[in-house]
Amino acid sequence: MGCSATSALNGVVARDTYTGGVGLPYGPESRQRLDIFRPVNLPSDGKPPIVLFFYGGNWTRGDRAAYRFVGEALAANGVIALVADYRLSPSVRYPEFLRDCALATQWAFAHAAELGGDPSRIYLMGHSAGAYNAAMLALDPRWLKDVGLASSQLAGLIGLAGPYDFLPIGDPEVQVAFGWPATPKDSQPIAHTAAKAPRTLLIAGSEDKVVNPQRSTVQLGRLLANAGTDVQVQVIDGKGHATIAAALARPLNWLAPVLSAVLGFVRQGSATT
């Protein structure tokens, strides 16, 4: 599947807070690519955690280059970040984008040690449609099983403004992406909350007009907690859909305490229910 993580880190990209590789293939398709953001100063007393991030865009648009700020923010705080592209609708439909995200997760596990990270501390994180992708991988065992992994191997799930319960589908783009009205009910993350899941952090804005925070974030958190999952839910007052992602950027951290919540969750031993 192309060059190794180590060779990609040899001077390909250098910033003040990270070194990295751009466009590493995790699969054979042109959109099965990811970027690496590796802290310049790795800790001498242990291996840092790894966060694999999936962006949103209605499963119809998006590009990893537009989310470099996520990788930069995490790497600046001692976390190895991977930002992945995945195939989009209408070229593919559900569940192909989940298969891509599973392949990217497999790549993260396979290359964790090579990157200098801790393979026992790999987190899946996403915003909007990307949060859905991450949640499905963490909650529905089918997708990671297909690549030889299990959700129990994940250190945690971080969902930012994610849609976790959206049937029936009204948005025309999402209808295409999920083949509505033939969309299976088990395409929804809330359908996979009966069993205990990996540690989970769910964040949304109270003024999100794109994804209902009560129906998705709050409901998923309640269902996971009822199943015994170690889960933290934060609905940030007065914030909208895009702000939850934008606040990760270093110049915009003041918008909402999203980065501090993510870093606290990744660094701590357990979440607060």
# chains A, B, ... in the order shown; residues from 1 in each chain; ligands from 1
>>> select_by_dssp(residues="range 80-161 of chain A", states="alpha helix (DSSP H)", output="PyMOL selection string")
chain A and resi 96-115+129-139+141-145
>>> select_by_dssp(residues="range 26-203 of chain A", states="strand (DSSP E or B)", output="number ranges by chain")
A: 33-39, 50-54, 80-84, 122-127, 156-160, 200-203
>>> closest_residue(among="A:Gly162, A:Gly170, A:Pro251, A:Pro43", to="Pro213 in chain A", atoms="only C-alpha atoms")
A:Gly162
>>> closest_residue(among="A:Leu160, A:Ala134, A:Leu255, A:Ala195", to="Phe97 in chain A", atoms="only C-alpha atoms")
A:Ala134
>>> atom_distance(atom1="CA of Gly117 in chain A", atom2="CA of Asp35 in chain A")
15.2 Å
>>> atom_distance(atom1="CA of Asp63 in chain A", atom2="CA of Asp208 in chain A")
22.4 Å
>>> closest_residue(among="A:Ala191, A:Leu154, A:Ala65, A:Leu144", to="Leu98 in chain A", atoms="only C-alpha atoms")
A:Leu144
>>> residues_around(residues="Gln175 in chain A", least_positions_apart="6", cutoff="12 Å", atoms="only C-alpha atoms", output="list in words")
Asn58, Trp59, Thr60, Ser89, Pro90, Arg93, Tyr94, Phe166, Leu167, Pro168, Ile169, Pro181, Ala182 and Thr183 of chain A
>>> atom_distance(atom1="CA of Val262 in chain A", atom2="CA of Tyr86 in chain A")
22.8 Å
>>> closest_residue(among="A:Ala66, A:Leu220, A:Ile122, A:Ala84", to="Asp165 in chain A", atoms="only C-alpha atoms")
A:Leu220
>>> residues_around(residues="range 124-126 of chain A", least_positions_apart="3", cutoff="9 Å", atoms="only C-alpha atoms", output="count of residues only")
26
